[in-house]
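Next comes work-v2.txt, with compact mmCIF, C-alpha atoms.
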```txt
# COMPACT_ATOMS: atom_id res chain seq x y z
CA MET F 1 -48.98 108.83 28.23
CA GLY F 2 -45.22 109.16 27.41
CA PRO F 3 -44.62 105.90 25.39
CA LEU F 4 -48.10 105.76 23.92
CA ALA F 5 -47.85 109.32 22.87
CA GLY F 6 -44.65 108.40 20.98
CA ILE F 7 -46.39 105.51 19.16
CA TRP F 8 -49.46 107.52 18.28
CA GLY F 9 -47.23 110.19 17.05
CA GLU F 10 -45.63 107.93 14.41
CA ASP F 11 -46.39 108.22 10.77
CA PRO F 12 -49.26 105.78 9.85
CA VAL F 13 -47.69 105.03 6.47
CA LYS F 14 -44.39 104.13 8.04
CA LEU F 15 -46.12 101.85 10.52
CA THR F 16 -48.09 100.18 7.74
CA VAL F 17 -44.88 99.47 5.82
CA ALA F 18 -43.18 98.19 8.96
CA LEU F 19 -46.12 95.89 9.71
CA LYS F 20 -46.04 94.56 6.15
CA MET F 21 -42.34 93.87 6.31
CA THR F 22 -42.70 92.20 9.67
CA ARG F 23 -45.42 89.93 8.31
CA GLN F 24 -43.26 89.00 5.35
CA ASP F 25 -40.36 88.14 7.72
CA LEU F 26 -42.75 86.08 9.81
CA THR F 27 -43.99 84.19 6.71
CA ARG F 28 -40.40 83.52 5.55
CA MET F 29 -39.36 82.34 8.98
CA GLN F 30 -42.40 80.11 9.15
CA MET F 31 -41.49 78.56 5.80
CA GLU F 32 -37.89 78.02 6.91
CA LEU F 33 -39.14 76.47 10.12
CA ASN F 34 -41.43 74.14 8.18
CA THR F 35 -38.52 73.23 5.86
CA MET F 36 -36.29 72.52 8.83
CA LYS F 37 -38.99 70.35 10.40
CA ALA F 38 -39.48 68.48 7.13
CA ASN F 39 -35.75 67.91 6.57
CA PHE F 40 -34.55 67.26 10.10
CA GLY F 41 -37.62 66.06 11.98
CA ASP F 42 -36.25 62.44 12.10
CA VAL F 43 -32.60 63.31 12.82
CA VAL F 44 -31.14 61.89 16.10
CA PRO F 45 -28.49 63.57 18.19
CA ARG F 46 -24.85 62.82 17.24
CA ARG F 47 -24.16 61.21 20.63
CA ASP F 48 -27.07 58.77 20.12
CA PHE F 49 -25.90 58.15 16.54
CA GLU F 50 -22.33 57.31 17.58
CA MET F 51 -23.57 55.03 20.34
CA GLN F 52 -25.85 53.19 17.92
CA GLU F 53 -23.03 53.00 15.34
CA LYS F 54 -20.71 51.35 17.91
CA THR F 55 -23.42 48.88 18.91
CA ASN F 56 -24.00 48.05 15.24
CA LYS F 57 -20.28 47.47 14.67
CA ASP F 58 -20.06 45.10 17.66
CA LEU F 59 -23.07 43.17 16.43
CA GLN F 60 -21.57 42.92 12.93
CA GLU F 61 -18.35 41.48 14.34
CA GLN F 62 -20.33 38.95 16.39
CA LEU F 63 -22.29 38.02 13.26
CA ASP F 64 -19.07 37.47 11.24
CA SER F 65 -17.64 35.33 14.05
CA LEU F 66 -20.82 33.28 14.24
CA ARG F 67 -20.78 32.80 10.46
CA ASP F 68 -17.18 31.50 10.64
CA ASP F 69 -18.12 29.19 13.51
CA TYR F 70 -21.10 27.98 11.54
CA LYS F 71 -18.96 27.20 8.50
CA GLU F 72 -16.48 25.29 10.68
CA VAL F 73 -19.22 23.35 12.45
CA ARG F 74 -20.86 22.58 9.12
CA LYS F 75 -17.55 21.31 7.72
CA GLU F 76 -17.00 19.12 10.82
CA HIS F 77 -20.57 17.89 10.52
CA GLU F 78 -19.96 16.83 6.91
CA ILE F 79 -16.75 15.02 7.95
CA LEU F 80 -18.61 13.27 10.75
CA LEU F 81 -21.32 12.25 8.31
CA GLN F 82 -18.70 10.76 5.99
CA LEU F 83 -17.05 9.03 8.94
CA HIS F 84 -20.42 7.74 10.05
CA MET F 85 -21.14 6.33 6.58
CA SER F 86 -17.66 4.78 6.47
CA THR F 87 -18.20 3.24 9.91
CA LEU F 88 -21.55 1.84 8.81
CA LYS F 89 -19.89 0.23 5.78
CA GLU F 90 -17.14 -1.25 7.95
CA ARG F 91 -19.73 -2.52 10.41
CA ASP F 92 -21.68 -4.20 7.61
CA GLN F 93 -18.45 -5.65 6.20
CA PHE F 94 -17.34 -6.99 9.60
CA TYR F 95 -20.79 -8.40 10.20
CA SER F 96 -20.67 -10.20 6.84
CA GLU F 97 -17.19 -11.52 7.65
CA LEU F 98 -18.38 -12.66 11.07
CA GLN F 99 -21.30 -14.53 9.53
CA GLU F 100 -18.93 -16.14 7.00
CA ILE F 101 -16.49 -17.14 9.78
CA GLN F 102 -19.32 -18.53 11.88
CA ARG F 103 -20.52 -20.49 8.85
CA THR F 104 -17.15 -21.90 7.85
CA SER F 105 -15.34 -22.14 11.21
CA THR F 106 -14.47 -25.54 12.55
CA PRO F 107 -14.23 -26.65 16.17
CA ARG F 108 -10.90 -26.15 17.96
CA PRO F 109 -8.68 -29.13 17.08
CA ASN F 110 -7.93 -31.72 19.73
CA TRP F 111 -4.14 -31.67 19.53
CA THR F 112 -3.73 -34.53 21.99
CA LYS F 113 -4.64 -36.91 19.15
CA CYS F 114 -1.23 -36.21 17.63
CA LYS F 115 0.67 -37.84 20.48
CA ASP F 116 -0.16 -41.32 19.20
CA VAL F 117 1.02 -40.73 15.62
CA VAL F 118 4.11 -38.54 16.10
CA ALA F 119 7.42 -40.38 16.27
CA GLY F 120 8.51 -40.59 19.90
CA GLY F 121 5.00 -40.92 21.29
CA PRO F 122 3.28 -38.76 23.96
CA ASP F 123 6.51 -37.68 25.66
CA ARG F 124 8.01 -36.20 22.50
CA TRP F 125 4.72 -34.59 21.48
CA GLN F 126 4.48 -32.94 24.89
CA ILE F 127 7.96 -31.47 24.38
CA LEU F 128 7.11 -30.33 20.84
CA ALA F 129 3.75 -28.79 21.82
CA GLU F 130 4.81 -27.03 25.03
CA GLY F 131 3.98 -23.31 25.01
CA LYS F 132 2.78 -23.25 21.38
CA ASN F 133 -0.48 -21.87 19.99
CA SER F 134 -2.60 -23.59 17.33
CA ASP F 135 -0.81 -21.89 14.44
CA GLN F 136 2.59 -22.98 15.75
CA LEU F 137 1.30 -26.51 16.37
CA VAL F 138 0.23 -26.72 12.74
CA ASP F 139 3.82 -25.83 11.75
CA VAL F 140 5.15 -28.52 14.10
CA LEU F 141 2.80 -31.11 12.63
CA LEU F 142 3.70 -30.13 9.06
CA GLU F 143 7.40 -30.42 9.94
CA GLU F 144 6.83 -33.89 11.35
CA ILE F 145 4.98 -34.96 8.21
CA GLY F 146 7.55 -33.24 5.96
CA GLU F 147 10.44 -34.90 7.77
CA GLY F 148 9.04 -38.33 6.94
CA LEU F 149 8.55 -37.39 3.28
CA LEU F 150 12.02 -35.86 3.09
CA ARG F 151 13.66 -39.01 4.40
CA GLU F 152 11.84 -41.08 1.78
CA LYS F 153 13.34 -38.94 -0.98
CA ASP F 154 16.61 -40.33 -2.38
CA PHE F 155 17.51 -37.57 -4.85
CA PHE F 156 16.93 -33.87 -5.50
CA SER F 157 16.59 -32.35 -8.96
CA GLY F 158 18.99 -29.52 -9.70
CA LEU F 159 17.43 -26.06 -10.14
CA GLY F 160 19.63 -25.03 -13.07
CA TYR F 161 21.71 -21.90 -13.54
CA GLU F 162 19.06 -19.18 -13.63
CA GLU F 163 19.82 -15.86 -11.94
CA SER F 164 16.94 -16.46 -9.54
CA VAL F 165 18.62 -19.65 -8.24
CA PRO F 166 20.91 -19.08 -5.22
CA PRO F 167 24.60 -19.47 -6.23
CA PHE F 168 25.17 -22.48 -3.96
CA LEU F 169 22.31 -24.39 -5.66
CA ARG F 170 23.17 -23.75 -9.31
CA PHE F 171 23.39 -27.21 -10.82
CA ASP F 172 21.81 -29.32 -13.57
CA GLY F 173 21.01 -32.97 -13.01
CA VAL F 174 20.23 -34.87 -9.81
CA VAL F 175 22.04 -34.94 -6.47
CA GLU F 176 21.83 -37.41 -3.62
CA ASN F 177 19.79 -36.75 -0.49
CA LYS F 178 22.28 -37.36 2.32
CA LYS F 179 19.43 -37.85 4.84
CA PRO F 180 21.07 -36.41 7.97
CA THR F 181 19.13 -36.18 11.22
CA LYS F 182 17.96 -32.81 12.49
CA LYS F 183 20.69 -32.95 15.13
CA ASP F 184 23.31 -33.51 12.42
CA VAL F 185 22.09 -30.47 10.47
CA VAL F 186 22.11 -28.28 13.58
CA LYS F 187 25.64 -29.41 14.47
CA LEU F 188 26.80 -28.69 10.92
CA LEU F 189 25.30 -25.16 10.99
CA ARG F 190 26.91 -24.48 14.38
CA ASP F 191 30.28 -25.47 12.94
CA ALA F 192 29.64 -23.21 9.93
CA TRP F 193 28.96 -20.27 12.26
CA LYS F 194 32.16 -20.93 14.19
CA GLU F 195 34.18 -20.77 10.97
CA ARG F 196 32.28 -17.73 9.75
CA LEU F 197 32.90 -15.75 12.93
CA ALA F 198 36.60 -16.68 12.83
CA GLU F 199 37.02 -15.45 9.22
CA GLU F 200 39.15 -12.37 8.74
CA GLN F 201 38.27 -11.65 5.11
CA LYS F 202 34.50 -11.96 4.85
CA GLU F 203 33.19 -13.32 1.56
CA LYS F 204 29.49 -13.24 0.67
CA PHE F 205 27.52 -15.53 2.95
CA PRO F 206 26.16 -17.87 0.20
CA ASP F 207 29.71 -18.26 -1.20
CA PHE F 208 31.08 -18.93 2.27
CA PHE F 209 28.42 -21.59 2.88
CA PHE F 210 29.29 -23.52 -0.29
CA HIS F 211 33.03 -23.25 0.34
CA PHE F 212 32.47 -24.49 3.89
CA LEU F 213 30.69 -27.57 2.49
CA GLU F 214 33.54 -28.11 0.03
CA ARG F 215 36.07 -28.02 2.86
CA ARG F 216 33.96 -30.33 5.02
CA PHE F 217 32.84 -32.93 2.44
CA GLY F 218 35.02 -32.32 -0.61
CA PRO F 219 34.11 -30.63 -3.94
CA ALA F 220 32.40 -33.76 -5.29
CA GLU F 221 29.91 -34.01 -2.39
CA ALA F 222 29.43 -30.29 -1.66
CA MET F 223 26.46 -29.79 -4.02
CA ALA F 224 24.58 -32.80 -2.64
CA TRP F 225 25.07 -31.51 0.90
CA ALA F 226 24.06 -28.00 -0.18
CA TYR F 227 20.69 -29.30 -1.49
CA THR F 228 20.24 -31.57 1.53
CA ILE F 229 20.91 -28.83 4.10
CA PHE F 230 18.82 -26.32 2.13
CA GLU F 231 15.77 -28.63 2.01
CA ASN F 232 16.09 -29.32 5.74
CA MET F 233 16.31 -25.60 6.56
CA LYS F 234 13.30 -24.92 4.36
CA LEU F 235 11.30 -27.59 6.18
CA PHE F 236 12.23 -26.93 9.81
CA ARG F 237 11.33 -23.21 9.96
CA SER F 238 10.41 -23.45 13.66
CA ASN F 239 14.01 -24.43 14.48
CA GLU F 240 15.87 -21.27 15.52
CA ILE F 241 19.30 -22.11 14.12
CA MET F 242 17.91 -23.39 10.82
CA SER F 243 15.44 -20.56 10.31
CA GLN F 244 18.03 -17.86 11.04
CA PHE F 245 20.69 -19.48 8.84
CA TYR F 246 18.12 -19.85 6.04
CA ALA F 247 17.03 -16.18 6.31
CA ILE F 248 20.65 -14.97 6.09
CA LEU F 249 21.47 -17.38 3.27
CA MET F 250 18.48 -16.12 1.24
CA GLU F 251 19.36 -12.48 2.09
CA GLU F 252 16.08 -12.02 3.98
CA ARG F 253 18.08 -10.94 7.04
CA SER F 254 21.49 -9.41 7.54
CA GLU F 255 24.24 -11.48 9.08
CA SER F 256 24.79 -8.64 11.55
CA VAL F 257 21.40 -9.38 13.15
CA TYR F 258 22.55 -12.85 14.22
CA ILE F 259 25.97 -11.59 15.35
CA LYS F 260 24.47 -8.74 17.39
CA GLN F 261 22.01 -11.12 19.05
CA LYS F 262 24.86 -13.43 20.06
CA GLU F 263 26.87 -10.45 21.35
CA THR F 264 23.86 -9.32 23.41
CA ILE F 265 23.52 -12.77 24.99
CA THR F 266 27.28 -12.87 25.71
CA GLU F 267 27.16 -9.39 27.28
CA LEU F 268 24.14 -10.35 29.40
CA LEU F 269 25.84 -13.51 30.66
CA LYS F 270 28.98 -11.50 31.45
CA GLU F 271 26.96 -8.96 33.47
CA MET F 272 25.28 -11.76 35.42
CA THR F 273 28.65 -13.36 36.13
CA ASN F 274 30.00 -10.03 37.43
CA VAL F 275 27.06 -9.67 39.82
CA ASP F 276 27.57 -13.26 41.01
CA SER F 277 30.26 -12.28 43.51
CA GLN F 278 30.42 -15.75 45.12
CA ASN F 279 30.79 -17.42 41.70
CA LYS F 280 28.13 -20.04 42.45
CA GLY F 281 26.14 -19.56 39.24
CA LEU F 282 23.21 -18.19 41.23
CA LEU F 283 21.41 -14.85 41.27
CA THR F 284 18.46 -13.56 43.25
CA MET F 285 15.40 -12.40 41.34
CA ASP F 286 16.18 -8.85 42.45
CA GLN F 287 19.71 -9.12 41.03
CA LEU F 288 18.34 -10.52 37.77
CA ARG F 289 16.00 -7.53 37.42
CA THR F 290 18.88 -5.11 38.11
CA VAL F 291 21.07 -6.74 35.44
CA LEU F 292 18.26 -6.66 32.88
CA LYS F 293 17.57 -2.98 33.52
CA SER F 294 21.24 -2.01 33.24
CA THR F 295 21.77 -4.08 30.06
CA PHE F 296 18.55 -2.88 28.41
CA PRO F 297 18.07 0.68 29.70
CA PHE F 298 15.47 1.54 27.04
CA LYS F 299 13.13 -1.39 27.67
CA LYS F 300 9.88 -0.51 29.42
CA GLU F 301 8.99 -2.09 32.74
CA GLU F 302 6.50 -4.52 31.17
CA LYS F 303 9.22 -5.82 28.80
CA ILE F 304 11.60 -6.37 31.73
CA GLN F 305 8.76 -8.20 33.48
CA GLU F 306 8.26 -10.45 30.43
CA LEU F 307 11.94 -11.41 30.54
CA MET F 308 11.69 -12.04 34.28
CA GLU F 309 8.75 -14.39 33.74
CA ALA F 310 10.56 -16.15 30.89
CA GLY F 311 13.52 -16.57 33.26
CA GLY F 312 11.41 -18.29 35.91
CA TRP F 313 9.84 -15.47 37.93
CA HIS F 314 6.19 -15.94 38.96
CA PRO F 315 3.80 -13.94 41.20
CA ASN F 316 4.69 -16.07 44.23
CA SER F 317 8.42 -15.50 43.74
CA SER F 318 10.39 -13.63 46.38
CA ASN F 319 13.12 -11.13 45.50
CA THR F 320 15.54 -13.37 47.37
CA ASP F 321 14.67 -16.56 45.45
CA LEU F 322 17.78 -17.95 43.75
CA LEU F 323 18.08 -18.69 40.03
CA ASN F 324 20.74 -20.65 38.16
CA TYR F 325 21.35 -18.04 35.48
CA HIS F 326 23.42 -20.37 33.26
CA LEU F 327 20.22 -22.29 32.53
CA LEU F 328 18.79 -19.17 30.86
CA PHE F 329 21.20 -19.56 27.91
CA THR F 330 21.18 -23.29 27.21
CA GLU F 331 20.21 -24.93 23.92
CA ASP F 332 19.06 -28.49 23.31
CA GLU F 333 20.69 -30.82 20.79
CA GLU F 334 18.35 -29.59 18.04
CA GLY F 335 19.30 -25.95 18.56
CA GLN F 336 16.18 -24.81 20.42
CA SER F 337 16.81 -22.10 23.02
CA VAL F 338 15.11 -21.87 26.40
CA PRO F 339 12.15 -19.43 26.76
CA PHE F 340 14.37 -16.62 28.08
CA VAL F 341 16.46 -16.35 24.90
CA GLN F 342 13.37 -16.86 22.75
CA LYS F 343 11.69 -13.92 24.52
CA LEU F 344 14.76 -11.74 23.93
CA TRP F 345 14.55 -12.51 20.21
CA GLU F 346 10.77 -11.88 20.09
CA GLN F 347 11.21 -8.52 21.80
CA TYR F 348 13.96 -7.52 19.37
CA LEU F 349 11.74 -8.29 16.36
CA ASP F 350 8.79 -6.48 17.96
CA GLU F 351 10.91 -3.41 18.79
CA LYS F 352 12.28 -3.30 15.24
CA ASP F 353 8.75 -3.46 13.77
CA LYS F 354 7.59 -0.62 16.04
CA TYR F 355 10.67 1.44 15.13
CA LEU F 356 10.00 1.10 11.39
CA LYS F 357 6.25 1.74 11.80
CA GLU F 358 7.10 4.92 13.70
CA LEU F 359 9.45 5.92 10.87
CA LYS F 360 6.74 5.33 8.23
CA GLN F 361 4.15 7.23 10.25
CA LEU F 362 6.45 10.24 10.66
CA LEU F 363 7.25 10.31 6.93
CA GLY F 364 3.50 10.41 6.22
CA LEU F 365 3.83 8.61 2.87
CA GLU F 366 2.22 5.60 1.24
CA LEU F 367 4.39 2.56 0.53
CA ARG F 368 4.38 3.27 -3.22
CA ASP F 369 5.45 6.89 -2.77
CA GLU F 370 9.02 7.98 -3.39
CA VAL F 371 11.12 9.23 -0.49
CA THR F 372 14.35 11.21 -0.57
CA LEU F 373 17.45 10.62 1.51
CA PRO F 374 17.14 13.93 3.46
CA LYS F 375 13.59 13.07 4.54
CA VAL F 376 14.64 9.64 5.83
CA ARG F 377 17.65 11.18 7.58
CA GLU F 378 15.45 13.80 9.29
CA ALA F 379 12.80 11.24 10.27
CA LEU F 380 15.40 8.87 11.77
CA MET F 381 16.91 11.67 13.83
CA THR F 382 13.43 12.67 15.03
CA ILE F 383 12.33 9.23 16.22
CA ASP F 384 15.79 8.35 17.54
CA PRO F 385 17.62 11.56 18.56
CA LYS F 386 20.54 9.64 20.12
CA LEU F 387 21.62 8.15 16.77
CA ASP F 388 25.32 8.73 16.21
CA LYS F 389 26.53 9.70 12.75
CA GLN F 390 28.12 6.32 11.98
CA THR F 391 24.97 4.36 12.84
CA LEU F 392 22.74 6.85 11.01
CA ASN F 393 24.87 6.54 7.87
CA SER F 394 24.77 2.75 8.07
CA TYR F 395 20.94 2.89 8.22
CA LEU F 396 20.80 5.28 5.24
CA SER F 397 23.29 3.12 3.35
CA GLN F 398 21.06 0.09 3.91
CA ALA F 399 17.82 1.90 3.06
CA PHE F 400 19.10 3.37 -0.24
CA GLN F 401 21.54 0.52 -1.06
CA LEU F 402 24.52 2.86 -1.35
CA PRO F 403 28.02 2.41 0.06
CA VAL F 404 28.56 4.61 3.12
CA THR F 405 31.45 6.32 1.32
CA LYS F 406 29.08 7.52 -1.42
CA LEU F 407 26.50 9.03 0.91
CA PRO F 408 26.43 12.86 0.60
CA GLU F 409 26.78 14.93 3.75
CA ALA F 410 23.69 16.50 5.29
CA GLY F 411 22.80 19.72 3.47
CA GLU F 412 24.54 18.87 0.21
CA HIS F 413 22.47 19.67 -2.89
CA LYS F 414 22.82 16.18 -4.44
CA GLU F 415 21.08 14.66 -1.40
CA GLU F 416 17.72 15.43 -3.02
CA ASP F 417 18.68 13.34 -6.08
CA ILE F 418 18.87 10.14 -4.03
CA VAL F 419 15.36 8.67 -4.13
CA THR F 420 13.75 5.27 -3.59
CA LEU F 421 10.29 3.86 -2.93
CA LEU F 422 9.30 3.97 0.73
CA GLN F 423 8.37 0.28 0.57
CA THR F 424 11.86 -0.59 -0.73
CA ALA F 425 13.57 1.49 1.96
CA LEU F 426 11.54 -0.14 4.76
CA GLN F 427 12.18 -3.63 3.36
CA GLN F 428 15.91 -2.98 3.26
CA LEU F 429 15.88 -1.68 6.84
CA GLN F 430 13.87 -4.73 7.93
CA VAL F 431 16.72 -6.93 6.68
CA ALA F 432 19.36 -5.05 8.68
CA ASP F 433 20.15 -4.87 12.39
CA ILE F 434 18.01 -1.87 13.32
CA ARG F 435 17.58 -0.93 16.96
CA ARG F 436 16.86 2.21 18.97
CA MET F 437 19.93 4.04 20.25
CA GLY F 438 18.14 6.12 22.88
CA SER F 439 14.81 6.72 24.56
CA ARG F 440 12.75 9.24 22.61
CA GLU F 441 10.55 9.86 25.65
CA GLN F 442 13.58 10.95 27.70
CA GLU F 443 14.76 13.22 24.87
CA LEU F 444 11.35 14.89 24.58
CA ALA F 445 11.16 15.33 28.35
CA SER F 446 14.57 16.99 28.47
```
Could you render the structure as structure tokens?
Amino acid sequence: MGPLAGIWGEDPVKLTVALKMTRQDLTRMQMELNTMKANFGDVVPRRDFEMQEKTNKDLQEQLDSLRDDYKEVRKEHEILLQLHMSTLKERDQFYSELQEIQRTSTPRPNWTKCKDVVAGGPDRWQILAEGKNSDQLVDVLLEEIGEGLLREKDFFSGLGYEESVPPFLRFDGVVENKKPTKKDVVKLLRDAWKERLAEEQKEKFPDFFFHFLERRFGPAEAMAWAYTIFENMKLFRSNEIMSQFYAILMEERSESVYIKQKETITELLKEMTNVDSQNKGLLTMDQLRTVLKSTFPFKKEEKIQELMEAGGWHPNSSNTDLLNYHLLFTEDEEGQSVPFVQKLWEQYLDEKDKYLKELKQLLGLELRDEVTLPKVREALMTIDPKLDKQTLNSYLSQAFQLPVTKLPEAGEHKEEDIVTLLQTALQQLQVADIRRMGSREQELAS
């Protein structure tokens, strides 16, 4: 009865007021609870929120990466489509060309028919045709026909005094055709080279040629011989001595090319003689290969093999088989070299073409674009790192047609002012004696 007695003893009014206040508090709390439920019923815990936010960020990064990949793939797809269309056009063009060739092509000519009409009969034709393809045989046949027509001609008409006429042919009127044999022309050109190489003060090659003819035949006959020799050189382009002399005379090739080729042959013969310890004029095939590799250290194995085959090596050869190496350097009466020397010359021309193509590719320009001296200098040093300064300057001098003394040093500001067309620079280098000074592969490897 103690606690209950206390409650029943309270004032009823006070209890009524307390009950009312308690109900009001309950109503307010209920409203706040409802508000809290309404406002925060969908709220997640912070830990879950942060976890979901991290997941969302990772997914967004993946999406951005995939979008970039998609753009790249789409771009490559468009390029491939263009390439595909270009390939289709090329295919259609090649197919049309093939049909045209099939329509217009003629059967392979029977070259043996020529043996009965060429002067000298089958034996001479066999010598002329040996080792030649159809294109070369056409040249031989044209030379044979042209030789007959040239011998029927009694006079040549002078070409006048125009700037375009070579100095040694500047003449008005007619001159006599001296009608020498091919052997006579070759002998005359050999004599001219002997005098040229013995000269101390070098004059321009065309001037030297005419002065040589004046000394040989007298001033009155020099012009007639100049026209006669010129027409013979123009006709017999397959003859090595004539074609090289003609190219130098017409400034299509530098004189240094011929001189360097002769020096190379002399050096090679000297090396073979040194190896020939018994002085019998004989080398084994193994010794020949060793000499070739030491003389041409930058030639690849297949190029050495080509020279070996041109020198007489064949699959059945033994390394101990003997070779008369003097026969590798002989010339016939008409100036034609044996296959070994011809192969040396072919390889030189091929190596020069590859060298200049590599230079053009590295420059990354079209033939009609302008190129500066620093760019050519840098490109030459890149494709041929072993170039010494003197050789590099001689190449630049040739490419830009400037005296070596007027070439600015690397890094000078006025270097950028020296400009020429890429096509002009390559043509000028093609004329000169251009050859690789070192193996780029070895330089890159080191």
Excluding same-chain residues fewer than 3 positions from Gln427 of chain F, what lies within 10 Å of it counting all atoms listed in the file, as a PDB file with C-alpha atoms, keeping the file's coordinate frame?
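File result03.pdb, as written:
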```pdb
ATOM      1  CA  GLU F 252      16.080 -12.020   3.980  1.00  0.00           C
ATOM      2  CA  LEU F 356      10.000   1.100  11.390  1.00  0.00           C
ATOM      3  CA  GLN F 398      21.060   0.090   3.910  1.00  0.00           C
ATOM      4  CA  ALA F 399      17.820   1.900   3.060  1.00  0.00           C
ATOM      5  CA  LEU F 421      10.290   3.860  -2.930  1.00  0.00           C
ATOM      6  CA  LEU F 422       9.300   3.970   0.730  1.00  0.00           C
ATOM      7  CA  GLN F 423       8.370   0.280   0.570  1.00  0.00           C
ATOM      8  CA  THR F 424      11.860  -0.590  -0.730  1.00  0.00           C
ATOM      9  CA  GLN F 430      13.870  -4.730   7.930  1.00  0.00           C
ATOM     10  CA  VAL F 431      16.720  -6.930   6.680  1.00  0.00           C
ATOM     11  CA  ALA F 432      19.360  -5.050   8.680  1.00  0.00           C
TER      12      ALA F 432
END
```
Next item on the list: Compare F:Glu263, F:Ser157, F:Gln99, F:Gly281 by their minimum atom-to-atom distance to Thr295 of chain F, counting all atoms listed in the file, and give me the closest one.
Entry: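 Checking each candidate against Thr295 of chain F, we get F:Glu263 as the closest.
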Next item on the list: Select all residues near (19.8, 6.8, 9.0) (cut-off 6 Å, inclusive, file coordinates), counting all atoms listed in the file, and output them as a PyMOL selection string.
Entry: chain F and resi 377+380+392-393+395-396
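Minimum atom-to-atom distance to Thr420 of chain F, evaluated using only C-alpha atoms, belongs to F:Pro374 out of F:Gly160, F:Pro219, F:Pro180, F:Pro374.
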Check: How far is it from atom CA of Glu147 of chain F to atom CA of Trp111 of chain F, in Å with one decimal?
Finding: 19.0 Å
Check: Of the candidates F:Asp433, F:Glu163, F:Asp154, F:Glu358, which one gets nearest to Ser394 of chain F if we count all atoms listed in the file?
Finding: F:Asp433
Next item on the list: Rank F:Gln287, F:Pro385, F:Arg368, F:Ala226 by their smallest atom-to-atom distance to Glu214 of chain F, using all atoms listed in the file, and report the top residue only.
Entry: F:Ala226
Next item on the list: Compare F:Asn324, F:Ser256, F:Thr35, F:Thr181 by their minimum atom-to-atom distance to Met272 of chain F, counting only C-alpha atoms, and give me the closest one.
Entry: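 Checking each candidate against Met272 of chain F, we get F:Asn324 as the closest.
Counting all atoms listed in the file, the residue from F:Pro408, F:Glu203, F:Tyr325, F:Asn232 that sits nearest to Asp184 of chain F is F:Asn232.
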Next item on the list: Grab the atom CA of Gln24 of chain F to atom CA of Asp11 of chain F distance for me, in Å with one decimal place.
Entry: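 Separation of atom CA of Gln24 of chain F and atom CA of Asp11 of chain F: 20.2 Å.
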Notebook entry, point to check: atom CA of Pro403 of chain F and atom CA of Asp369 of chain F, how far apart in Å?
Noted result: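 That distance, rounded to one decimal, is 23.2 Å.
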Please enclose the listed atoms of segment 172-188 of chain F in an axis-aligned box, pad each side by 4 Å, and write out the centre and the three edge lengths in Å, rounded to one decimal, as JSON.
```
{"center_x": 22.4, "center_y": -33.1, "center_z": 0.8, "size_x": 16.8, "size_y": 17.6, "size_z": 36.7}
```
Next item on the list: Just give me the residues with any atom within 9 Å of (24.7, -37.1, -9.9), file coordinates, counting all atoms listed in the file, written as a PyMOL selection string.
Entry: chain F and resi 155+173-176+224
Checklist line | Non-local contacts of Thr372 of chain F (12 Å; all atoms listed in the file; under 6 positions in same chain excluded) as a list in words | finding: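 So the residues in contact are Leu363, Leu365, Glu378, Ala379, Leu396, Ala399, Phe400, His413, Lys414, Glu415, Glu416, Asp417, Ile418, Val419, Thr420, Leu421, Leu422 and Ala425 of chain F.
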Please, could you write that set of residues out with C-alpha atoms as a PDB file, in the coordinates of the input?
```
ATOM      1  CA  LEU F 363       7.250  10.310   6.930  1.00  0.00           C
ATOM      2  CA  LEU F 365       3.830   8.610   2.870  1.00  0.00           C
ATOM      3  CA  GLU F 378      15.450  13.800   9.290  1.00  0.00           C
ATOM      4  CA  ALA F 379      12.800  11.240  10.270  1.00  0.00           C
ATOM      5  CA  LEU F 396      20.800   5.280   5.240  1.00  0.00           C
ATOM      6  CA  ALA F 399      17.820   1.900   3.060  1.00  0.00           C
ATOM      7  CA  PHE F 400      19.100   3.370  -0.240  1.00  0.00           C
ATOM      8  CA  HIS F 413      22.470  19.670  -2.890  1.00  0.00           C
ATOM      9  CA  LYS F 414      22.820  16.180  -4.440  1.00  0.00           C
ATOM     10  CA  GLU F 415      21.080  14.660  -1.400  1.00  0.00           C
ATOM     11  CA  GLU F 416      17.720  15.430  -3.020  1.00  0.00           C
ATOM     12  CA  ASP F 417      18.680  13.340  -6.080  1.00  0.00           C
ATOM     13  CA  ILE F 418      18.870  10.140  -4.030  1.00  0.00           C
ATOM     14  CA  VAL F 419      15.360   8.670  -4.130  1.00  0.00           C
ATOM     15  CA  THR F 420      13.750   5.270  -3.590  1.00  0.00           C
ATOM     16  CA  LEU F 421      10.290   3.860  -2.930  1.00  0.00           C
ATOM     17  CA  LEU F 422       9.300   3.970   0.730  1.00  0.00           C
ATOM     18  CA  ALA F 425      13.570   1.490   1.960  1.00  0.00           C
TER      19      ALA F 425
END
```
Next item on the list: Tell me which protein, DNA and RNA residues are within 12 Å of Phe230 of chain F, counting all atoms listed in the file, leaving out same-chain ones fewer than 3 positions away, and put them as a count of residues only.
Entry: 33
Item checked: Spatial neighbours of Arg435 of chain F, 8 Å, all atoms listed in the file, chain gap at least 5 places, as a ChimeraX atom specification -> /F:348,351-352,355
